$ cat coords-v8.txt   # compact mmCIF, N, CA and C atoms
# COMPACT_ATOMS: atom_id res chain seq x y z
N MET A 1 -52.34 29.01 10.03
CA MET A 1 -53.09 30.05 9.38
C MET A 1 -53.32 29.67 7.93
N ALA A 2 -54.54 29.75 7.49
CA ALA A 2 -54.87 29.43 6.10
C ALA A 2 -54.87 30.70 5.26
N PHE A 3 -54.38 30.57 4.05
CA PHE A 3 -54.35 31.69 3.13
C PHE A 3 -55.32 31.47 1.99
N ALA A 4 -55.90 32.56 1.50
CA ALA A 4 -56.79 32.47 0.35
C ALA A 4 -55.94 32.17 -0.88
N PRO A 5 -56.48 31.39 -1.80
CA PRO A 5 -55.73 31.16 -3.04
C PRO A 5 -55.41 32.50 -3.70
N ARG A 6 -54.21 32.63 -4.25
CA ARG A 6 -53.77 33.89 -4.84
C ARG A 6 -54.76 34.39 -5.88
N SER A 7 -55.36 33.50 -6.61
CA SER A 7 -56.26 33.92 -7.68
C SER A 7 -57.49 34.65 -7.13
N ARG A 8 -57.76 34.52 -5.84
CA ARG A 8 -58.92 35.19 -5.27
C ARG A 8 -58.56 36.56 -4.68
N ILE A 9 -57.28 36.80 -4.40
CA ILE A 9 -56.92 38.06 -3.77
C ILE A 9 -56.18 39.01 -4.70
N CYS A 10 -55.73 38.55 -5.85
CA CYS A 10 -55.04 39.44 -6.79
C CYS A 10 -56.08 40.28 -7.54
N PRO A 11 -55.65 41.36 -8.17
CA PRO A 11 -56.61 42.22 -8.87
C PRO A 11 -57.47 41.49 -9.90
N SER A 12 -56.87 40.59 -10.67
CA SER A 12 -57.68 39.89 -11.67
C SER A 12 -58.68 38.95 -11.00
N GLY A 13 -58.30 38.37 -9.86
CA GLY A 13 -59.23 37.52 -9.12
C GLY A 13 -60.38 38.34 -8.55
N GLN A 14 -60.06 39.54 -8.07
CA GLN A 14 -61.11 40.42 -7.57
C GLN A 14 -62.06 40.82 -8.69
N LEU A 15 -61.50 41.11 -9.87
CA LEU A 15 -62.34 41.48 -11.00
C LEU A 15 -63.28 40.34 -11.37
N ARG A 16 -62.75 39.12 -11.40
CA ARG A 16 -63.60 37.96 -11.71
C ARG A 16 -64.73 37.83 -10.69
N ARG A 17 -64.42 38.07 -9.42
CA ARG A 17 -65.44 37.96 -8.38
C ARG A 17 -66.48 39.08 -8.51
N ILE A 18 -66.06 40.27 -8.92
CA ILE A 18 -67.01 41.37 -9.14
C ILE A 18 -67.91 41.04 -10.31
N LEU A 19 -67.32 40.58 -11.42
CA LEU A 19 -68.10 40.27 -12.61
C LEU A 19 -69.06 39.10 -12.40
N SER A 20 -68.68 38.16 -11.53
CA SER A 20 -69.56 37.02 -11.26
C SER A 20 -70.63 37.34 -10.22
N GLY A 21 -70.51 38.50 -9.58
CA GLY A 21 -71.49 38.89 -8.57
C GLY A 21 -71.12 38.47 -7.17
N ASP A 22 -69.96 37.84 -6.98
CA ASP A 22 -69.52 37.43 -5.64
C ASP A 22 -69.11 38.63 -4.79
N LEU A 23 -68.70 39.72 -5.44
CA LEU A 23 -68.33 40.95 -4.74
C LEU A 23 -69.11 42.11 -5.35
N PRO A 24 -69.43 43.10 -4.52
CA PRO A 24 -70.08 44.29 -5.10
C PRO A 24 -69.06 45.09 -5.90
N PRO A 25 -69.51 45.87 -6.88
CA PRO A 25 -68.58 46.70 -7.65
C PRO A 25 -67.85 47.68 -6.72
N LEU A 26 -66.59 47.87 -6.99
CA LEU A 26 -65.80 48.80 -6.19
C LEU A 26 -65.96 50.22 -6.72
N PRO A 27 -66.02 51.19 -5.83
CA PRO A 27 -66.04 52.56 -6.34
C PRO A 27 -64.68 52.86 -6.97
N ALA A 28 -64.69 53.41 -8.16
CA ALA A 28 -63.44 53.72 -8.85
C ALA A 28 -63.55 55.10 -9.48
N PRO A 29 -62.47 55.86 -9.42
CA PRO A 29 -62.51 57.22 -9.95
C PRO A 29 -62.38 57.30 -11.46
N GLY A 30 -62.14 56.18 -12.12
CA GLY A 30 -61.88 56.19 -13.55
C GLY A 30 -63.08 56.59 -14.40
N ALA A 31 -62.80 57.29 -15.48
CA ALA A 31 -63.82 57.67 -16.46
C ALA A 31 -63.67 56.74 -17.66
N PRO A 32 -64.69 55.93 -17.96
CA PRO A 32 -64.55 54.94 -19.04
C PRO A 32 -64.06 55.52 -20.37
N ALA A 33 -64.54 56.69 -20.77
CA ALA A 33 -64.10 57.27 -22.04
C ALA A 33 -62.61 57.63 -22.00
N LYS A 34 -62.14 58.15 -20.87
CA LYS A 34 -60.72 58.49 -20.73
C LYS A 34 -59.86 57.23 -20.73
N ILE A 35 -60.37 56.18 -20.09
CA ILE A 35 -59.64 54.91 -20.05
C ILE A 35 -59.51 54.34 -21.46
N ALA A 36 -60.62 54.32 -22.20
CA ALA A 36 -60.59 53.81 -23.57
C ALA A 36 -59.63 54.61 -24.43
N ALA A 37 -59.66 55.94 -24.30
CA ALA A 37 -58.76 56.78 -25.09
C ALA A 37 -57.29 56.51 -24.74
N ALA A 38 -57.01 56.30 -23.47
CA ALA A 38 -55.64 56.02 -23.04
C ALA A 38 -55.17 54.67 -23.59
N ILE A 39 -56.04 53.69 -23.60
CA ILE A 39 -55.68 52.36 -24.14
C ILE A 39 -55.37 52.47 -25.63
N ILE A 40 -56.23 53.16 -26.36
CA ILE A 40 -56.03 53.32 -27.80
C ILE A 40 -54.74 54.10 -28.06
N ALA A 41 -54.54 55.18 -27.34
CA ALA A 41 -53.32 55.99 -27.53
C ALA A 41 -52.07 55.17 -27.22
N SER A 42 -52.13 54.30 -26.22
CA SER A 42 -50.95 53.51 -25.86
C SER A 42 -50.60 52.53 -26.97
N ALA A 43 -51.61 52.02 -27.67
CA ALA A 43 -51.36 51.07 -28.76
C ALA A 43 -50.70 51.76 -29.94
N GLU A 44 -50.85 53.07 -30.03
CA GLU A 44 -50.27 53.83 -31.14
C GLU A 44 -48.85 54.31 -30.83
N GLN A 45 -48.37 54.09 -29.60
CA GLN A 45 -47.01 54.50 -29.23
C GLN A 45 -46.00 53.48 -29.75
N THR A 46 -44.81 53.97 -30.06
CA THR A 46 -43.74 53.08 -30.48
C THR A 46 -42.54 53.31 -29.60
N PRO A 47 -42.13 52.34 -28.83
CA PRO A 47 -42.83 51.07 -28.62
C PRO A 47 -44.02 51.26 -27.69
N ALA A 48 -44.98 50.39 -27.82
CA ALA A 48 -46.16 50.44 -26.94
C ALA A 48 -45.73 50.04 -25.53
N PRO A 49 -46.33 50.66 -24.52
CA PRO A 49 -45.97 50.29 -23.13
C PRO A 49 -46.36 48.84 -22.85
N LEU A 50 -45.56 48.18 -22.04
CA LEU A 50 -45.86 46.80 -21.66
C LEU A 50 -47.05 46.73 -20.71
N ARG A 51 -47.20 47.75 -19.88
CA ARG A 51 -48.29 47.78 -18.90
C ARG A 51 -48.84 49.19 -18.82
N LEU A 52 -50.12 49.27 -18.51
CA LEU A 52 -50.77 50.56 -18.30
C LEU A 52 -51.35 50.57 -16.89
N THR A 53 -51.12 51.62 -16.18
CA THR A 53 -51.76 51.81 -14.89
C THR A 53 -52.72 52.97 -15.09
N LEU A 54 -53.99 52.65 -15.08
CA LEU A 54 -55.01 53.65 -15.38
C LEU A 54 -55.86 53.92 -14.15
N GLY A 55 -55.87 55.16 -13.74
CA GLY A 55 -56.65 55.56 -12.57
C GLY A 55 -55.74 55.80 -11.38
N SER A 56 -56.08 56.84 -10.63
CA SER A 56 -55.28 57.17 -9.44
C SER A 56 -55.34 56.06 -8.41
N ASP A 57 -56.47 55.35 -8.34
CA ASP A 57 -56.58 54.24 -7.39
C ASP A 57 -55.65 53.10 -7.79
N ALA A 58 -55.61 52.79 -9.07
CA ALA A 58 -54.72 51.73 -9.56
C ALA A 58 -53.26 52.11 -9.34
N TYR A 59 -52.93 53.37 -9.58
CA TYR A 59 -51.56 53.83 -9.38
C TYR A 59 -51.16 53.70 -7.92
N ALA A 60 -52.04 54.09 -7.02
CA ALA A 60 -51.74 54.00 -5.58
C ALA A 60 -51.55 52.54 -5.15
N MET A 61 -52.42 51.65 -5.63
CA MET A 61 -52.30 50.24 -5.27
C MET A 61 -51.04 49.61 -5.85
N ALA A 62 -50.73 49.92 -7.11
CA ALA A 62 -49.53 49.37 -7.75
C ALA A 62 -48.27 49.88 -7.06
N THR A 63 -48.24 51.16 -6.74
CA THR A 63 -47.09 51.74 -6.06
C THR A 63 -46.87 51.09 -4.69
N ALA A 64 -47.95 50.91 -3.95
CA ALA A 64 -47.83 50.28 -2.63
C ALA A 64 -47.34 48.83 -2.76
N ALA A 65 -47.88 48.10 -3.72
CA ALA A 65 -47.49 46.71 -3.91
C ALA A 65 -46.01 46.60 -4.31
N LEU A 66 -45.56 47.48 -5.20
CA LEU A 66 -44.16 47.45 -5.62
C LEU A 66 -43.23 47.84 -4.47
N ARG A 67 -43.63 48.81 -3.66
CA ARG A 67 -42.81 49.18 -2.50
C ARG A 67 -42.69 48.00 -1.53
N ASP A 68 -43.80 47.30 -1.31
CA ASP A 68 -43.78 46.13 -0.43
C ASP A 68 -42.86 45.04 -0.99
N ARG A 69 -42.93 44.82 -2.29
CA ARG A 69 -42.07 43.80 -2.91
C ARG A 69 -40.61 44.19 -2.82
N LEU A 70 -40.30 45.48 -3.05
CA LEU A 70 -38.92 45.94 -2.97
C LEU A 70 -38.40 45.82 -1.54
N LYS A 71 -39.23 46.16 -0.57
CA LYS A 71 -38.82 46.03 0.84
C LYS A 71 -38.51 44.57 1.16
N ALA A 72 -39.34 43.66 0.71
CA ALA A 72 -39.11 42.23 0.95
C ALA A 72 -37.82 41.77 0.26
N LEU A 73 -37.59 42.25 -0.95
CA LEU A 73 -36.37 41.88 -1.67
C LEU A 73 -35.14 42.41 -0.95
N GLU A 74 -35.21 43.65 -0.48
CA GLU A 74 -34.06 44.26 0.19
C GLU A 74 -33.72 43.55 1.50
N THR A 75 -34.70 42.98 2.17
CA THR A 75 -34.40 42.25 3.41
C THR A 75 -33.58 41.00 3.13
N GLY A 76 -33.64 40.49 1.92
CA GLY A 76 -32.86 39.31 1.56
C GLY A 76 -31.57 39.61 0.83
N ARG A 77 -31.19 40.89 0.75
CA ARG A 77 -30.00 41.29 -0.01
C ARG A 77 -28.73 40.60 0.51
N ASP A 78 -28.50 40.65 1.81
CA ASP A 78 -27.28 40.05 2.36
C ASP A 78 -27.22 38.56 2.08
N LEU A 79 -28.34 37.88 2.23
CA LEU A 79 -28.36 36.45 1.94
C LEU A 79 -28.07 36.19 0.47
N ALA A 80 -28.68 36.97 -0.41
CA ALA A 80 -28.45 36.79 -1.85
C ALA A 80 -26.97 36.95 -2.18
N HIS A 81 -26.35 37.99 -1.64
CA HIS A 81 -24.94 38.24 -1.92
C HIS A 81 -24.04 37.19 -1.27
N SER A 82 -24.47 36.64 -0.15
CA SER A 82 -23.63 35.67 0.56
C SER A 82 -23.49 34.36 -0.20
N THR A 83 -24.32 34.12 -1.18
CA THR A 83 -24.25 32.86 -1.92
C THR A 83 -23.38 32.95 -3.17
N ASP A 84 -22.82 34.14 -3.45
CA ASP A 84 -21.90 34.28 -4.58
C ASP A 84 -20.61 33.52 -4.26
N ALA A 85 -19.96 33.04 -5.30
CA ALA A 85 -18.66 32.40 -5.12
C ALA A 85 -17.68 33.44 -4.60
N ASP A 86 -16.71 32.99 -3.80
CA ASP A 86 -15.77 33.92 -3.17
C ASP A 86 -14.96 34.72 -4.19
N ASP A 87 -14.70 34.16 -5.36
CA ASP A 87 -13.90 34.85 -6.36
C ASP A 87 -14.74 35.62 -7.38
N THR A 88 -16.02 35.81 -7.08
CA THR A 88 -16.91 36.51 -8.00
C THR A 88 -16.81 38.01 -7.77
N LEU A 89 -16.68 38.74 -8.87
CA LEU A 89 -16.67 40.20 -8.80
C LEU A 89 -18.11 40.69 -8.83
N PRO A 90 -18.41 41.82 -8.21
CA PRO A 90 -19.77 42.36 -8.26
C PRO A 90 -20.19 42.57 -9.72
N ALA A 91 -21.44 42.31 -10.00
CA ALA A 91 -21.96 42.48 -11.35
C ALA A 91 -21.82 43.93 -11.76
N ALA A 92 -21.17 44.18 -12.88
CA ALA A 92 -20.94 45.54 -13.37
C ALA A 92 -22.25 46.18 -13.80
N GLY A 93 -22.44 47.44 -13.42
CA GLY A 93 -23.59 48.18 -13.89
C GLY A 93 -24.88 47.91 -13.13
N LEU A 94 -24.85 47.06 -12.12
CA LEU A 94 -26.06 46.78 -11.35
C LEU A 94 -26.05 47.61 -10.08
N ALA A 95 -27.17 48.24 -9.79
CA ALA A 95 -27.29 49.07 -8.60
C ALA A 95 -27.26 48.21 -7.35
N GLY A 96 -26.77 48.77 -6.28
CA GLY A 96 -26.83 48.11 -4.99
C GLY A 96 -25.70 47.16 -4.70
N ASN A 97 -24.63 47.15 -5.51
CA ASN A 97 -23.51 46.25 -5.26
C ASN A 97 -22.52 46.88 -4.32
$ encode --input "coords-v8.txt" --output "C-alpha cells"
Amino acid sequence: MAFAPRSRICPSGQLRRILSGDLPPLPAPGAPAKIAAAIIASAEQTPAPLRLTLGSDAYAMATAALRDRLKALETGRDLAHSTDADDTLPAAGLAGN
C-alpha cells in the first residue's frame, strides 16, 4: 500500500494545495474579522498561547487527531513500561504510572 507524502495530507499541505489551485477551497465557518481579532488578542496575552485553534471545524479536527494520537500512544503503554530497568521506580508526578 502506498501512502501520500505527509506534506500533502497534513493541514498545511492541504492549505498549500488550496492556494495553488490543486484543491478547491474548503467551506469553513470562520469569519475573517473574528479570526484576525482573535490572533491580535492572543499576541497581547501574557504569556501568549503557543497555538491557536480558530473555528469550530479546526477544533473538531484537532480534537479528533489528538484523540487518535492518544489512543495510539496508550496501546503502546505496556511496551513502553516494559523497557524500564527492573530497579526503576515509577516517575513521580506523571499520570498513568
$ atom_distance --input "coords-v8.txt" --atom1 "atom C of A:Ser56" --atom2 "atom CA of A:Ala43"
21.3 Å
$ closest_residue --input "coords-v8.txt" --among "A:Lys34, A:Asp86, A:Met61, A:Glu74" --to "A:Pro11" --atoms "only C-alpha atoms"
A:Met61
$ atom_distance --input "coords-v8.txt" --atom1 "atom N of A:Leu19" --atom2 "atom N of A:Ala48"
29.4 Å
$ axis_aligned_box --input "coords-v8.txt" --around "stretch 43-46 of chain A" --padding-each-side "3 Å" --output "JSON"
{"center_x": -47.1, "center_y": 52.8, "center_z": -29.4, "size_x": 15.1, "size_y": 9.4, "size_z": 9.5}
$ select_by_dssp --input "coords-v8.txt" --residues "stretch 4-96 of chain A" --states "alpha helix (DSSP H)" --output "MDAnalysis selection string"
chainID A and resid 6:9 11:20 32:43 56:75 77:82
$ write_last_selection --input "coords-v8.txt" --atoms "N, CA and C atoms" --output "short mmCIF file (atom, residue, chain, number, x, y, z; two decimals), in the coordinates of the input"
data_model
loop_
_atom_site.label_atom_id
_atom_site.label_comp_id
_atom_site.auth_asym_id
_atom_site.auth_seq_id
_atom_site.Cartn_x
_atom_site.Cartn_y
_atom_site.Cartn_z
N ARG A 6 -54.21 32.63 -4.25
CA ARG A 6 -53.77 33.89 -4.84
C ARG A 6 -54.76 34.39 -5.88
N SER A 7 -55.36 33.50 -6.61
CA SER A 7 -56.26 33.92 -7.68
C SER A 7 -57.49 34.65 -7.13
N ARG A 8 -57.76 34.52 -5.84
CA ARG A 8 -58.92 35.19 -5.27
C ARG A 8 -58.56 36.56 -4.68
N ILE A 9 -57.28 36.80 -4.40
CA ILE A 9 -56.92 38.06 -3.77
C ILE A 9 -56.18 39.01 -4.70
N PRO A 11 -55.65 41.36 -8.17
CA PRO A 11 -56.61 42.22 -8.87
C PRO A 11 -57.47 41.49 -9.90
N SER A 12 -56.87 40.59 -10.67
CA SER A 12 -57.68 39.89 -11.67
C SER A 12 -58.68 38.95 -11.00
N GLY A 13 -58.30 38.37 -9.86
CA GLY A 13 -59.23 37.52 -9.12
C GLY A 13 -60.38 38.34 -8.55
N GLN A 14 -60.06 39.54 -8.07
CA GLN A 14 -61.11 40.42 -7.57
C GLN A 14 -62.06 40.82 -8.69
N LEU A 15 -61.50 41.11 -9.87
CA LEU A 15 -62.34 41.48 -11.00
C LEU A 15 -63.28 40.34 -11.37
N ARG A 16 -62.75 39.12 -11.40
CA ARG A 16 -63.60 37.96 -11.71
C ARG A 16 -64.73 37.83 -10.69
N ARG A 17 -64.42 38.07 -9.42
CA ARG A 17 -65.44 37.96 -8.38
C ARG A 17 -66.48 39.08 -8.51
N ILE A 18 -66.06 40.27 -8.92
CA ILE A 18 -67.01 41.37 -9.14
C ILE A 18 -67.91 41.04 -10.31
N LEU A 19 -67.32 40.58 -11.42
CA LEU A 19 -68.10 40.27 -12.61
C LEU A 19 -69.06 39.10 -12.40
N SER A 20 -68.68 38.16 -11.53
CA SER A 20 -69.56 37.02 -11.26
C SER A 20 -70.63 37.34 -10.22
N PRO A 32 -64.69 55.93 -17.96
CA PRO A 32 -64.55 54.94 -19.04
C PRO A 32 -64.06 55.52 -20.37
N ALA A 33 -64.54 56.69 -20.77
CA ALA A 33 -64.10 57.27 -22.04
C ALA A 33 -62.61 57.63 -22.00
N LYS A 34 -62.14 58.15 -20.87
CA LYS A 34 -60.72 58.49 -20.73
C LYS A 34 -59.86 57.23 -20.73
N ILE A 35 -60.37 56.18 -20.09
CA ILE A 35 -59.64 54.91 -20.05
C ILE A 35 -59.51 54.34 -21.46
N ALA A 36 -60.62 54.32 -22.20
CA ALA A 36 -60.59 53.81 -23.57
C ALA A 36 -59.63 54.61 -24.43
N ALA A 37 -59.66 55.94 -24.30
CA ALA A 37 -58.76 56.78 -25.09
C ALA A 37 -57.29 56.51 -24.74
N ALA A 38 -57.01 56.30 -23.47
CA ALA A 38 -55.64 56.02 -23.04
C ALA A 38 -55.17 54.67 -23.59
N ILE A 39 -56.04 53.69 -23.60
CA ILE A 39 -55.68 52.36 -24.14
C ILE A 39 -55.37 52.47 -25.63
N ILE A 40 -56.23 53.16 -26.36
CA ILE A 40 -56.03 53.32 -27.80
C ILE A 40 -54.74 54.10 -28.06
N ALA A 41 -54.54 55.18 -27.34
CA ALA A 41 -53.32 55.99 -27.53
C ALA A 41 -52.07 55.17 -27.22
N SER A 42 -52.13 54.30 -26.22
CA SER A 42 -50.95 53.51 -25.86
C SER A 42 -50.60 52.53 -26.97
N ALA A 43 -51.61 52.02 -27.67
CA ALA A 43 -51.36 51.07 -28.76
C ALA A 43 -50.70 51.76 -29.94
N SER A 56 -56.08 56.84 -10.63
CA SER A 56 -55.28 57.17 -9.44
C SER A 56 -55.34 56.06 -8.41
N ASP A 57 -56.47 55.35 -8.34
CA ASP A 57 -56.58 54.24 -7.39
C ASP A 57 -55.65 53.10 -7.79
N ALA A 58 -55.61 52.79 -9.07
CA ALA A 58 -54.72 51.73 -9.56
C ALA A 58 -53.26 52.11 -9.34
N TYR A 59 -52.93 53.37 -9.58
CA TYR A 59 -51.56 53.83 -9.38
C TYR A 59 -51.16 53.70 -7.92
N ALA A 60 -52.04 54.09 -7.02
CA ALA A 60 -51.74 54.00 -5.58
C ALA A 60 -51.55 52.54 -5.15
N MET A 61 -52.42 51.65 -5.63
CA MET A 61 -52.30 50.24 -5.27
C MET A 61 -51.04 49.61 -5.85
N ALA A 62 -50.73 49.92 -7.11
CA ALA A 62 -49.53 49.37 -7.75
C ALA A 62 -48.27 49.88 -7.06
N THR A 63 -48.24 51.16 -6.74
CA THR A 63 -47.09 51.74 -6.06
C THR A 63 -46.87 51.09 -4.69
N ALA A 64 -47.95 50.91 -3.95
CA ALA A 64 -47.83 50.28 -2.63
C ALA A 64 -47.34 48.83 -2.76
N ALA A 65 -47.88 48.10 -3.72
CA ALA A 65 -47.49 46.71 -3.91
C ALA A 65 -46.01 46.60 -4.31
N LEU A 66 -45.56 47.48 -5.20
CA LEU A 66 -44.16 47.45 -5.62
C LEU A 66 -43.23 47.84 -4.47
N ARG A 67 -43.63 48.81 -3.66
CA ARG A 67 -42.81 49.18 -2.50
C ARG A 67 -42.69 48.00 -1.53
N ASP A 68 -43.80 47.30 -1.31
CA ASP A 68 -43.78 46.13 -0.43
C ASP A 68 -42.86 45.04 -0.99
N ARG A 69 -42.93 44.82 -2.29
CA ARG A 69 -42.07 43.80 -2.91
C ARG A 69 -40.61 44.19 -2.82
N LEU A 70 -40.30 45.48 -3.05
CA LEU A 70 -38.92 45.94 -2.97
C LEU A 70 -38.40 45.82 -1.54
N LYS A 71 -39.23 46.16 -0.57
CA LYS A 71 -38.82 46.03 0.84
C LYS A 71 -38.51 44.57 1.16
N ALA A 72 -39.34 43.66 0.71
CA ALA A 72 -39.11 42.23 0.95
C ALA A 72 -37.82 41.77 0.26
N LEU A 73 -37.59 42.25 -0.95
CA LEU A 73 -36.37 41.88 -1.67
C LEU A 73 -35.14 42.41 -0.95
N GLU A 74 -35.21 43.65 -0.48
CA GLU A 74 -34.06 44.26 0.19
C GLU A 74 -33.72 43.55 1.50
N THR A 75 -34.70 42.98 2.17
CA THR A 75 -34.40 42.25 3.41
C THR A 75 -33.58 41.00 3.13
N ARG A 77 -31.19 40.89 0.75
CA ARG A 77 -30.00 41.29 -0.01
C ARG A 77 -28.73 40.60 0.51
N ASP A 78 -28.50 40.65 1.81
CA ASP A 78 -27.28 40.05 2.36
C ASP A 78 -27.22 38.56 2.08
N LEU A 79 -28.34 37.88 2.23
CA LEU A 79 -28.36 36.45 1.94
C LEU A 79 -28.07 36.19 0.47
N ALA A 80 -28.68 36.97 -0.41
CA ALA A 80 -28.45 36.79 -1.85
C ALA A 80 -26.97 36.95 -2.18
N HIS A 81 -26.35 37.99 -1.64
CA HIS A 81 -24.94 38.24 -1.92
C HIS A 81 -24.04 37.19 -1.27
N SER A 82 -24.47 36.64 -0.15
CA SER A 82 -23.63 35.67 0.56
C SER A 82 -23.49 34.36 -0.20
#
$ atom_distance --input "coords-v8.txt" --atom1 "atom C of A:Ile35" --atom2 "atom CA of A:Arg16"
19.5 Å
$ closest_residue --input "coords-v8.txt" --among "A:Ala38, A:Cys10, A:Ala80, A:Leu73" --to "A:Leu54" --atoms "only C-alpha atoms"
A:Ala38
$ closest_residue --input "coords-v8.txt" --among "A:Ile18, A:Ala72, A:Ala28, A:Ala91" --to "A:Asp57" --atoms "all atoms listed in the file"
A:Ala28
